[in-house]
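File shown here: protein_7.cif, holding mmCIF, C-alpha atoms.
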```cif
data_my_file
loop_
_atom_site.label_atom_id
_atom_site.label_comp_id
_atom_site.auth_asym_id
_atom_site.auth_seq_id
_atom_site.Cartn_x
_atom_site.Cartn_y
_atom_site.Cartn_z
CA MET A 1 0.00 0.00 0.00
CA ARG A 2 1.36 3.39 -0.91
CA LEU A 3 -0.13 6.74 -0.01
CA THR A 4 -0.43 9.49 -2.58
CA LYS A 5 1.90 12.46 -2.20
CA PHE A 6 -1.19 14.54 -1.47
CA THR A 7 -2.19 12.37 1.51
CA ASP A 8 1.39 12.33 2.78
CA LEU A 9 1.56 16.13 2.63
CA ALA A 10 -1.83 16.52 4.31
CA LEU A 11 -0.82 14.19 7.17
CA ARG A 12 2.50 15.95 7.68
CA SER A 13 0.70 19.32 7.65
CA VAL A 14 -1.76 18.13 10.30
CA MET A 15 1.15 16.85 12.38
CA ARG A 16 2.93 20.20 12.18
CA LEU A 17 -0.22 22.09 13.14
CA ALA A 18 -0.78 19.71 16.07
CA VAL A 19 2.38 20.93 17.80
CA VAL A 20 1.69 24.66 17.65
CA ARG A 21 2.04 25.79 21.24
CA ASP A 22 -0.56 27.88 23.06
CA GLY A 23 0.37 31.54 22.74
CA ASP A 24 2.29 31.04 19.49
CA ASP A 25 1.11 32.82 16.38
CA PRO A 26 -0.78 30.50 14.05
CA LEU A 27 1.21 29.13 11.14
CA THR A 28 0.42 30.25 7.62
CA THR A 29 0.03 27.96 4.66
CA ARG A 30 3.31 29.36 3.31
CA GLU A 31 5.11 28.43 6.54
CA VAL A 32 3.69 24.91 6.41
CA ALA A 33 4.77 24.61 2.75
CA ASP A 34 8.27 25.82 3.58
CA ALA A 35 8.55 23.47 6.56
CA MET A 36 7.52 20.50 4.42
CA GLY A 37 9.70 21.55 1.49
CA VAL A 38 6.82 21.65 -1.00
CA PRO A 39 5.42 24.32 -3.31
CA TYR A 40 2.88 26.66 -1.76
CA THR A 41 0.19 25.57 -4.23
CA HIS A 42 0.49 21.93 -3.11
CA ALA A 43 0.22 22.89 0.55
CA ALA A 44 -2.75 25.17 -0.20
CA LYS A 45 -4.63 22.30 -1.87
CA ALA A 46 -3.96 20.01 1.08
CA VAL A 47 -5.05 22.68 3.57
CA THR A 48 -8.24 23.30 1.58
CA ARG A 49 -9.10 19.60 1.66
CA LEU A 50 -8.38 19.46 5.40
CA GLN A 51 -10.68 22.45 5.90
CA HIS A 52 -13.48 20.66 4.03
CA LEU A 53 -13.00 17.67 6.32
CA GLY A 54 -13.27 19.95 9.37
CA VAL A 55 -9.76 19.09 10.55
CA VAL A 56 -8.18 22.51 9.98
CA GLN A 57 -9.56 25.99 10.45
CA ALA A 58 -8.08 28.85 8.43
CA ARG A 59 -8.46 32.53 9.19
CA ARG A 60 -7.44 35.24 6.76
CA GLY A 61 -5.89 38.58 7.44
CA ARG A 62 -3.87 40.02 10.27
CA GLY A 63 -3.58 37.52 13.10
CA GLY A 64 -4.90 34.82 10.82
CA GLY A 65 -3.41 31.48 10.03
CA LEU A 66 -4.10 27.80 10.39
CA ALA A 67 -5.29 25.94 13.45
CA LEU A 68 -6.09 22.31 14.06
CA THR A 69 -9.69 21.84 15.17
CA GLY A 70 -10.88 19.60 17.99
CA LEU A 71 -11.87 17.03 15.36
CA GLY A 72 -8.38 17.28 13.92
CA ARG A 73 -6.76 16.58 17.29
CA ARG A 74 -8.85 13.52 18.05
CA SER A 75 -9.15 12.16 14.50
CA SER A 76 -8.24 8.59 13.80
CA VAL A 77 -5.36 8.43 11.35
CA GLY A 78 -7.20 5.59 9.59
CA TRP A 79 -10.27 7.79 9.08
CA LEU A 80 -8.14 10.66 7.83
CA VAL A 81 -6.25 8.48 5.35
CA ARG A 82 -9.50 6.94 4.07
CA GLU A 83 -10.96 10.42 3.53
CA LEU A 84 -7.85 11.72 1.78
CA GLU A 85 -7.24 8.64 -0.36
CA GLY A 86 -10.86 8.09 -1.37
CA GLU A 87 -12.65 4.82 -1.89
CA GLY A 88 -10.56 3.62 -4.84
CA GLU A 89 -9.39 0.07 -5.34
CA VAL A 90 -5.73 -0.86 -5.07
CA VAL A 91 -5.81 -2.21 -8.63
CA GLU A 92 -7.78 -1.02 -11.65
CA CYS A 93 -9.73 -4.02 -12.93
CA GLU A 94 -12.41 -2.15 -14.89
CA GLY A 95 -10.21 0.50 -16.51
CA GLU A 96 -9.97 1.62 -20.11
CA VAL A 97 -8.76 -1.86 -20.98
CA PRO A 98 -10.58 -4.18 -18.54
CA CYS A 99 -8.51 -7.01 -17.08
CA PRO A 100 -9.28 -10.32 -18.82
CA LEU A 101 -9.07 -12.12 -15.45
CA ARG A 102 -11.65 -9.96 -13.67
CA ALA A 103 -14.44 -12.56 -13.78
CA ALA A 104 -12.40 -15.23 -11.98
CA CYS A 105 -9.61 -13.32 -10.25
CA ARG A 106 -8.90 -13.69 -6.56
CA LEU A 107 -6.22 -10.97 -6.49
CA ARG A 108 -8.71 -8.08 -6.32
CA GLY A 109 -10.36 -9.47 -3.16
CA ALA A 110 -7.01 -10.21 -1.54
CA LEU A 111 -5.77 -6.70 -2.24
CA ARG A 112 -9.01 -5.20 -0.90
CA ALA A 113 -8.56 -7.21 2.32
CA ALA A 114 -4.94 -6.02 2.58
CA GLN A 115 -6.06 -2.42 2.07
CA GLU A 116 -8.64 -2.75 4.85
CA ALA A 117 -6.01 -4.29 7.15
CA PHE A 118 -3.76 -1.31 6.39
CA TYR A 119 -6.50 1.13 7.38
CA ALA A 120 -7.44 -0.95 10.43
CA ALA A 121 -3.84 -0.72 11.66
CA LEU A 122 -4.12 3.09 11.47
CA ASP A 123 -7.57 3.33 13.08
CA PRO A 124 -6.41 3.25 16.73
CA LEU A 125 -3.82 6.01 16.13
CA THR A 126 -4.76 9.64 16.59
CA VAL A 127 -2.98 12.76 15.42
CA ALA A 128 -1.81 13.21 19.02
CA ASP A 129 -0.14 9.79 18.86
CA LEU A 130 1.75 10.83 15.72
CA VAL A 131 3.23 13.94 17.33
CA ALA A 132 4.31 12.37 20.62
CA SER A 133 8.03 12.48 21.34
CA PRO A 134 10.38 12.24 19.51
CA ALA A 135 8.37 13.58 16.53
CA GLY A 136 6.89 16.65 18.27
CA PRO A 137 10.14 18.51 18.97
CA VAL A 138 11.37 17.81 15.44
CA LEU A 139 8.11 19.15 13.99
CA ILE A 140 8.34 22.31 16.09
CA GLY A 141 11.88 22.92 14.85
CA LEU A 142 10.80 22.83 11.21
CA THR A 143 9.36 26.34 11.29
CA GLU A 144 11.02 28.06 14.22
CA ARG A 145 10.55 31.78 13.84
CA PRO A 146 13.52 33.97 14.64
CA SER A 147 13.28 35.81 17.96
CA LEU A 148 12.98 39.56 17.69
#
```
Let me see the structure of the file written as structure tokens.
Amino acid sequence: MRLTKFTDLALRSVMRLAVVRDGDDPLTTREVADAMGVPYTHAAKAVTRLQHLGVVQARRGRGGGLALTGLGRRSSVGWLVRELEGEGEVVECEGEVPCPLRAACRLRGALRAAQEAFYAALDPLTVADLVASPAGPVLIGLTERPSL
């Protein structure tokens, strides 16, 4: 099982937002993009999707930025990955050129079961679990702002 780059970026963004300390200024999408080493446009798309899921809240203007919501903090990683990846199959059996084995193939079912086992392994994990030490301090260091 391999996650899309989009899902990977969205998960890493949620992790970074989960370690913003109380009293710190909220991070901007640009800061998240810079911390993750990705183009701003990619980070903006991930943040938009996370907003639609109710995991991230974004405020514009002075004092604005990104914040993880309560749902985002307690979300199951399995749920989040399912939402970001979509309901697609691991293999494309009915594509432009349908697989000639599709009527009698056992591979599709086995791969579907493996995909569900993958998600089930992620279900008990929350975003808070992902940012526990040693990950949290590393995440915080990715976008340290210079002291004035």
Report as a list in words the residues that result from applying the PyMOL selection byres ((chain A and resi 49) around 12) to the structure here.
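So the PyMOL selection byres ((chain A and resi 49) around 12) ends up selecting Phe6, Thr7, Leu9, Ala10, Leu11, Ser13, Val14, His42, Ala43, Ala44, Lys45, Ala46, Val47, Thr48, Leu50, Gln51, His52, Leu53, Gly54, Val55, Val56, Gln57, Ala58, Leu80, Glu83, Leu84 and Glu85 of chain A.
Across the model, the gap from CA of Val91 (chain A) to CA of Met36 (chain A) is 29.4 Å.
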Interatomic distance (Å, one decimal) between CA of Gln115 (chain A) and CA of Val32 (chain A):
29.3 Å
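Nearest-residue note for Gly65 (chain A): choosing from A:Ala128, A:Cys105, A:Leu17, A:Cys93, the minimum distance belongs to A:Leu17, counting only C-alpha atoms.
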Between CA of Gly78 (chain A) and CA of Phe118 (chain A) lies a distance of 8.3 Å
Could you check which of A:Ala67, A:Asp123, A:Ala114, A:Ser75 is closest to Asp24 (chain A), using all atoms listed in the file?
A:Ala67
Using the chain letters and numbering of this document, enumerate as an MDAnalysis selection string the residues selected by the PyMOL selection byres ((chain A and resi 28) around 9).
chainID A and resid 26:27 29:33 58 64:66
